[in-house]
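Undergrad: Sharing entry-v3.cif here; it has mmCIF, C-alpha atoms.
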```cif
data_structure
#
loop_
_atom_site.group_PDB
_atom_site.id
_atom_site.type_symbol
_atom_site.label_atom_id
_atom_site.label_comp_id
_atom_site.auth_asym_id
_atom_site.auth_seq_id
_atom_site.Cartn_x
_atom_site.Cartn_y
_atom_site.Cartn_z
ATOM 1 C CA MET V 263 24.899 -23.387 -35.452
ATOM 2 C CA SER V 264 28.651 -23.584 -35.923
ATOM 3 C CA ARG V 265 30.997 -24.608 -33.155
ATOM 4 C CA ALA V 266 32.698 -21.187 -33.206
ATOM 5 C CA TRP V 267 29.346 -19.436 -32.821
ATOM 6 C CA GLN V 268 28.433 -21.668 -29.865
ATOM 7 C CA ALA V 269 31.792 -20.931 -28.236
ATOM 8 C CA LEU V 270 31.328 -17.161 -28.706
ATOM 9 C CA ARG V 271 27.807 -17.360 -27.301
ATOM 10 C CA ALA V 272 28.988 -19.347 -24.279
ATOM 11 C CA LEU V 273 31.838 -16.845 -23.699
ATOM 12 C CA ARG V 274 29.405 -13.898 -23.888
ATOM 13 C CA LEU V 275 27.078 -15.623 -21.393
ATOM 14 C CA ARG V 276 30.002 -16.190 -19.007
ATOM 15 C CA LEU V 277 31.301 -12.606 -19.309
ATOM 16 C CA VAL V 278 28.137 -10.527 -19.580
ATOM 17 C CA GLY V 279 25.314 -12.857 -18.597
ATOM 18 C CA PRO V 280 22.173 -13.602 -20.540
ATOM 19 C CA ALA V 281 20.135 -10.865 -22.143
ATOM 20 C CA LYS V 282 16.857 -9.805 -20.584
ATOM 21 C CA GLU V 283 13.733 -11.363 -22.052
ATOM 22 C CA LEU V 284 10.517 -9.377 -22.455
ATOM 23 C CA VAL V 285 7.802 -11.408 -20.712
ATOM 24 C CA GLY V 286 4.838 -9.082 -21.110
ATOM 25 C CA THR V 287 3.284 -5.638 -20.898
ATOM 26 C CA ASP V 288 0.403 -4.485 -18.709
ATOM 27 C CA GLN V 289 -2.490 -2.161 -19.560
ATOM 28 C CA PHE V 290 -0.520 0.842 -18.234
ATOM 29 C CA GLY V 291 2.398 0.232 -20.627
ATOM 30 C CA ASN V 292 4.864 -1.117 -18.039
ATOM 31 C CA LYS V 293 7.156 -3.800 -19.483
ATOM 32 C CA TYR V 294 8.088 -6.881 -17.477
ATOM 33 C CA TYR V 295 11.384 -8.689 -18.027
ATOM 34 C CA ARG V 296 13.279 -11.695 -16.724
ATOM 35 C CA VAL V 297 16.922 -12.649 -16.803
ATOM 36 C CA PRO V 298 17.166 -16.437 -16.631
ATOM 37 C CA LYS V 299 19.261 -18.354 -14.139
ATOM 38 C CA HIS V 300 22.893 -18.423 -15.273
ATOM 39 C CA GLU V 301 26.479 -18.878 -14.156
ATOM 40 C CA SER V 302 28.803 -15.938 -13.525
ATOM 41 C CA ARG V 303 32.465 -15.679 -14.600
ATOM 42 C CA ALA V 304 33.485 -16.928 -11.167
ATOM 43 C CA GLY V 305 31.288 -19.987 -11.554
ATOM 44 C CA GLN V 306 28.568 -18.810 -9.168
ATOM 45 C CA THR V 307 24.972 -19.620 -10.024
ATOM 46 C CA ILE V 308 22.957 -16.426 -10.393
ATOM 47 C CA PRO V 309 19.216 -17.022 -9.766
ATOM 48 C CA GLU V 310 16.507 -15.831 -12.121
ATOM 49 C CA ARG V 311 15.863 -12.109 -11.862
ATOM 50 C CA ARG V 312 12.533 -10.409 -12.631
ATOM 51 C CA PHE V 313 11.995 -6.700 -13.002
ATOM 52 C CA VAL V 314 9.797 -4.045 -14.546
ATOM 53 C CA GLU V 315 10.626 -1.061 -16.734
ATOM 54 C CA THR V 316 7.993 1.485 -15.863
ATOM 55 C CA VAL V 317 6.374 4.005 -18.160
ATOM 56 C CA ASN V 318 7.010 6.694 -15.570
ATOM 57 C CA ARG V 319 10.704 6.541 -14.685
ATOM 58 C CA GLU V 320 10.198 8.496 -11.443
ATOM 59 C CA ALA V 321 9.799 5.799 -8.796
ATOM 60 C CA TYR V 322 8.225 8.144 -6.249
ATOM 61 C CA HIS V 323 5.349 8.951 -8.628
ATOM 62 C CA TYR V 324 3.931 5.442 -8.303
ATOM 63 C CA GLN V 325 1.227 4.518 -5.837
ATOM 64 C CA ILE V 326 -0.554 1.348 -4.800
ATOM 65 C CA GLY V 327 -2.541 0.040 -7.731
ATOM 66 C CA ASP V 328 -0.246 1.337 -10.470
ATOM 67 C CA PHE V 329 0.903 -2.249 -11.096
ATOM 68 C CA PRO V 330 -1.669 -5.017 -11.517
ATOM 69 C CA ALA V 331 -1.646 -7.394 -8.543
ATOM 70 C CA GLU V 332 -1.030 -10.341 -10.864
ATOM 71 C CA TRP V 333 2.152 -8.780 -12.285
ATOM 72 C CA GLU V 334 3.344 -7.792 -8.834
ATOM 73 C CA ALA V 335 2.896 -11.397 -7.683
ATOM 74 C CA TRP V 336 4.974 -12.544 -10.668
ATOM 75 C CA ILE V 337 7.734 -9.993 -9.947
ATOM 76 C CA ARG V 338 7.902 -11.126 -6.304
ATOM 77 C CA LYS V 339 8.031 -14.793 -7.449
ATOM 78 C CA LYS V 340 4.740 -15.611 -5.732
ATOM 79 C CA ARG V 341 3.643 -17.205 -8.988
ATOM 80 C CA GLU V 342 5.649 -19.076 -11.599
ATOM 81 C CA ASP V 343 3.970 -18.024 -14.846
ATOM 82 C CA PRO V 344 3.327 -14.441 -15.909
ATOM 83 C CA PRO V 345 -0.334 -13.390 -15.998
ATOM 84 C CA THR V 346 -2.335 -13.168 -19.189
ATOM 85 C CA ILE V 347 -4.446 -10.196 -20.264
ATOM 86 C CA GLU V 348 -7.583 -12.350 -19.947
ATOM 87 C CA GLU V 349 -6.702 -13.281 -16.360
ATOM 88 C CA ILE V 350 -6.073 -9.644 -15.405
ATOM 89 C CA LEU V 351 -9.365 -8.506 -16.968
ATOM 90 C CA ARG V 352 -11.296 -11.368 -15.332
ATOM 91 C CA ASN V 353 -9.848 -10.502 -11.911
ATOM 92 C CA GLU V 354 -10.520 -6.779 -12.417
ATOM 93 C CA ASN V 355 -14.164 -7.515 -13.268
ATOM 94 C CA TYR V 356 -14.426 -9.721 -10.181
ATOM 95 C CA ARG V 357 -13.008 -6.939 -7.969
ATOM 96 C CA GLU V 358 -15.503 -4.428 -9.416
ATOM 97 C CA GLU V 359 -18.385 -6.850 -8.786
ATOM 98 C CA MET V 360 -17.256 -7.305 -5.181
ATOM 99 C CA LYS V 361 -17.038 -3.520 -4.660
ATOM 100 C CA GLN V 362 -20.612 -3.161 -5.951
ATOM 101 C CA LYS V 363 -21.858 -5.993 -3.727
ATOM 102 C CA VAL V 364 -20.193 -4.439 -0.670
ATOM 103 C CA LYS V 365 -21.791 -1.092 -1.514
ATOM 104 C CA ASP V 366 -25.240 -2.726 -1.888
ATOM 105 C CA VAL V 367 -24.925 -4.618 1.396
ATOM 106 C CA SER V 368 -23.749 -1.473 3.191
ATOM 107 C CA GLU V 369 -26.735 0.528 1.912
ATOM 108 C CA LYS V 370 -29.113 -2.296 2.871
ATOM 109 C CA ASP V 371 -27.557 -2.416 6.357
ATOM 110 C CA LYS V 372 -27.967 1.353 6.818
ATOM 111 C CA LEU V 373 -31.641 1.138 5.849
ATOM 112 C CA LEU V 374 -32.202 -1.778 8.226
ATOM 113 C CA GLN V 375 -30.424 0.079 11.012
ATOM 114 C CA ALA V 376 -32.536 3.206 10.448
ATOM 115 C CA LYS V 377 -35.712 1.070 10.525
ATOM 116 C CA GLU V 378 -34.615 -0.549 13.804
ATOM 117 C CA TYR V 379 -33.952 2.893 15.320
ATOM 118 C CA GLU V 380 -37.435 4.108 14.272
ATOM 119 C CA GLU V 381 -39.176 1.046 15.676
ATOM 120 C CA GLY V 382 -37.249 1.308 18.922
ATOM 121 C CA LEU V 383 -35.695 -2.138 18.573
ATOM 122 C CA VAL V 384 -32.182 -0.742 18.941
ATOM 123 C CA ALA V 385 -31.096 2.305 20.915
ATOM 124 C CA GLU V 386 -29.316 4.967 18.935
ATOM 125 C CA PRO V 387 -25.697 5.485 19.925
ATOM 126 C CA SER V 388 -25.179 8.392 22.277
ATOM 127 C CA HIS V 389 -22.850 11.116 21.136
ATOM 128 C CA THR V 390 -20.627 12.346 23.932
ATOM 129 C CA GLN V 391 -18.432 15.389 23.759
ATOM 130 C CA VAL V 392 -15.007 14.992 25.257
ATOM 131 C CA LYS V 393 -13.752 18.250 26.735
ATOM 132 C CA GLY V 394 -10.378 17.104 27.964
ATOM 133 C CA HIS V 395 -8.139 14.162 28.486
ATOM 134 C CA ALA V 396 -5.863 13.065 31.295
ATOM 135 C CA SER V 397 -2.779 13.695 29.149
ATOM 136 C CA ALA V 398 -3.978 17.136 28.002
ATOM 137 C CA PRO V 399 -2.391 19.922 30.074
ATOM 138 C CA TYR V 400 -5.339 22.327 29.951
ATOM 139 C CA TYR V 401 -8.438 20.127 30.302
ATOM 140 C CA GLY V 402 -10.535 22.357 28.132
ATOM 141 C CA LYS V 403 -9.287 25.639 29.583
ATOM 142 C CA LYS V 404 -7.879 28.166 27.156
ATOM 143 C CA GLU V 405 -5.231 29.831 29.349
ATOM 144 C CA LEU V 406 -3.282 29.079 32.480
ATOM 145 C CA SER V 407 -4.675 30.650 35.600
ATOM 146 C CA GLN V 408 -2.718 32.384 38.375
ATOM 147 C CA ASP V 409 -5.266 31.275 40.986
ATOM 148 C CA PRO V 410 -5.189 27.750 42.358
ATOM 149 C CA THR V 411 -8.198 25.655 41.348
ATOM 150 C CA SER V 412 -7.720 22.688 43.622
ATOM 151 C CA THR V 413 -11.089 22.440 45.336
ATOM 152 C CA ALA V 414 -12.900 19.105 45.357
ATOM 153 C CA ASN V 415 -14.602 18.272 42.064
ATOM 154 C CA THR V 416 -13.140 21.177 40.091
ATOM 155 C CA PHE V 417 -9.494 20.194 40.622
ATOM 156 C CA GLN V 418 -7.457 20.959 37.487
ATOM 157 C CA PRO V 419 -3.937 19.500 37.704
ATOM 158 C CA GLY V 420 -1.278 21.516 35.981
ATOM 159 C CA ALA V 421 -3.482 24.547 35.465
ATOM 160 C CA TRP V 422 -2.195 26.592 38.391
ATOM 161 C CA MET V 423 1.160 28.329 38.224
ATOM 162 C CA PRO V 424 2.671 29.932 41.321
ATOM 163 C CA PRO V 425 2.596 33.748 41.158
ATOM 164 C CA GLY V 426 5.893 35.237 40.028
ATOM 165 C CA SER V 427 7.239 31.987 38.553
ATOM 166 C CA GLY V 428 9.515 32.565 35.583
ATOM 167 C CA SER V 429 8.082 29.648 33.580
ATOM 168 C CA SER V 430 4.846 31.524 32.773
ATOM 169 C CA GLN V 431 6.792 34.364 31.128
ATOM 170 C CA ASN V 432 8.918 31.987 29.078
ATOM 171 C CA LYS V 433 5.973 30.273 27.395
#
```
Let me see whether you can do it: turn the structure in this file into structure tokens.

TA:
Amino acid sequence: MSRAWQALRALRLRLVGPAKELVGTDQFGNKYYRVPKHESRAGQTIPERRFVETVNREAYHYQIGDFPAEWEAWIRKKREDPPTIEEILRNENYREEMKQKVKDVSEKDKLLQAKEYEEGLVAEPSHTQVKGHASAPYYGKKELSQDPTSTANTFQPGAWMPPGSGSSQNK
């Protein structure tokens, strides 16, 4: 390489910065790039930058799982080297195996639980119906009443409105 060419290249690096390098592509078609560490015109050291050019340019159309976890770890600098296709496929197969194992264990647990219920070894959970809550204003009642209901066990706070109060007409 000639001295003039080296000088022009060095000047371009100082003025514009290095060009992006394609590092890899995932199975969805997203392309992953890096811009190596370089010095700016002012002499500042700019750290390595990693980014992805997505197939779908609309950022809000992406959801969790649209980028392989291995590539996301590389982008976030959690790993030094970019992932290989073999590594991604191996990890995907492992995740599928784990999902199947979890499903099998869950089914086995349900069968064991049903057997224990039948044999009377474990009591079945009781299903209670909640009709109201302390923070609920009506406690299961549909409408406000004009009559006070403040007698012993049937006390309903907030359910009684004084006759002729303007607040009942405003609601």

Undergrad: Spell out the residues picked by the PyMOL selection byres ((chain V and resi 336-340) around 10) here, as JSON, numbers by chain.

TA: {"V": [294, 295, 296, 310, 311, 312, 313, 314, 331, 332, 333, 334, 335, 341, 342, 343, 344, 345]}

Undergrad: What does the PyMOL selection byres ((chain V and resi 317) around 10) select in this file, as a list in words?

TA: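 That selection, the PyMOL selection byres ((chain V and resi 317) around 10), comes back as Phe290, Gly291, Asn292, Lys293, Val314, Glu315, Thr316, Asn318, Arg319 and Glu320 of chain V.
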
Undergrad: To verify the selection step, state as a ChimeraX atom specification which residues the PyMOL selection byres ((chain V and resi 309) around 9) yields on this input.

TA: /V:297-301,307-308,310-311

Undergrad: Which residue is closest to Asn353 (chain V)? Choose from V:Pro424, V:Asp288, V:Pro330, V:Lys377 and count all atoms listed in the file.

TA: V:Pro330

Undergrad: Which of these residues is nearest to Asp328 (chain V), using all atoms listed in the file: V:Ser264, V:Lys361, V:Gln289, V:Lys282?

TA: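 Using all atoms listed in the file, Asp328 (chain V) sits closest to V:Gln289.
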
Undergrad: Around all of region 365-383 of chain V's listed atoms, make the axis-aligned box with 5 Å on each side and tell me centre and edge lengths in Å to one decimal, as AutoDock Vina command-line options.

TA:
```
--center_x -30.5 --center_y -0.3 --center_z 8.5 --size_x 27.4 --size_y 18.7 --size_z 30.8
```

Undergrad: How many Å separate CA of Leu351 (chain V) from CA of Asp366 (chain V)?

TA: 22.6 Å

Undergrad: Kindly give the distance, in Å, that separates CA of Met360 (chain V) and CA of Gly327 (chain V), rounded to a single decimal.

TA: 16.6 Å

Undergrad: What does the structure give for the distance between CA of Lys365 (chain V) and CA of Leu383 (chain V), in Å to one decimal?

TA: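 Distance between the two atoms: 24.5 Å.
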